[in-house]
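A.B. asks: Attaching a single structure in structure tokens format; questions to follow.
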Amino acid sequence: MEKDRLKKLKIVLDLEKVNSLNAKGCPACGRKFSLGDTAVLACGAWEGRPKFIHENEAVFDKKTSSYVERRCYEAGKK
């Protein structure tokens, strides 16, 4: 069950997804996405719903079973 949820939160970017996400870039780091990058749906310091960010910019929180932007997660631990 947990693996199914994780599969929905993580994607490998295809051309269509890269084109749609690169209008604003990654909300966590500001870099553009590339074809084949792994992105995860994560919560962060931005307003609104979770957004796709680079996987290396996220931490999986086992308590909530979701990804959180790394800086946001670390700020919450202090």
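Numbering starts fresh at 1 for the residues of each chain in the structure tokens, the chains themselves are lettered A, B, ... in the order given, and ligands are numbered from 1 as they appear.
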Report as a list in words all protein, DNA and RNA residues lying within 10 Å of Arg70 (chain A), evaluated on only C-alpha atoms, omitting residues in the same chain fewer than 4 positions from it.

C.D. replies: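 In the requested format, the answer is Ala28, Ala42, Cys43, Gly44, Glu55, Asn56, Glu57, Ala58, Val59, Phe60, Glu74, Ala75 and Gly76 of chain A.
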
A.B. asks: Skip Gly30 (chain A) itself and residues of its chain fewer than 3 positions away, then list as an MDAnalysis selection string all residues within 12 Å of it, counting only C-alpha atoms.

C.D. replies: chainID A and resid 21:27 33 52:54 57

A.B. asks: Here is a test: counting only C-alpha atoms, which residue of A:Lys51, A:Arg71, A:Lys32, A:Lys62 is nearest to Asn19 (chain A)?

C.D. replies: A:Lys32

A.B. asks: Quick one: distance from CA of Tyr73 (chain A) to CA of Val12 (chain A) in Å, one decimal?

C.D. replies: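 Separating CA of Tyr73 (chain A) from CA of Val12 (chain A) is a distance of 22.9 Å.
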
A.B. asks: Taking the backbone alone, and naming residues the way the document does, which bits of chain A are helix (DSSP H, G or I) by DSSP, as a PyMOL selection string?

C.D. replies: chain A and resi 2-9+15-21+55-57+70-77

A.B. asks: Do a neighbour search on Leu13 (chain A) at 10 Å with only C-alpha atoms, toss out local chain neighbours closer than 5 positions, and write the hits as a list in words.

C.D. replies: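 Neighbouring residues, sequence-local ones excluded: Val18, Asn19, Leu21, Phe33, Ser34, Leu35, Gly36, Asp37, Thr38 and Ala39 of chain A.
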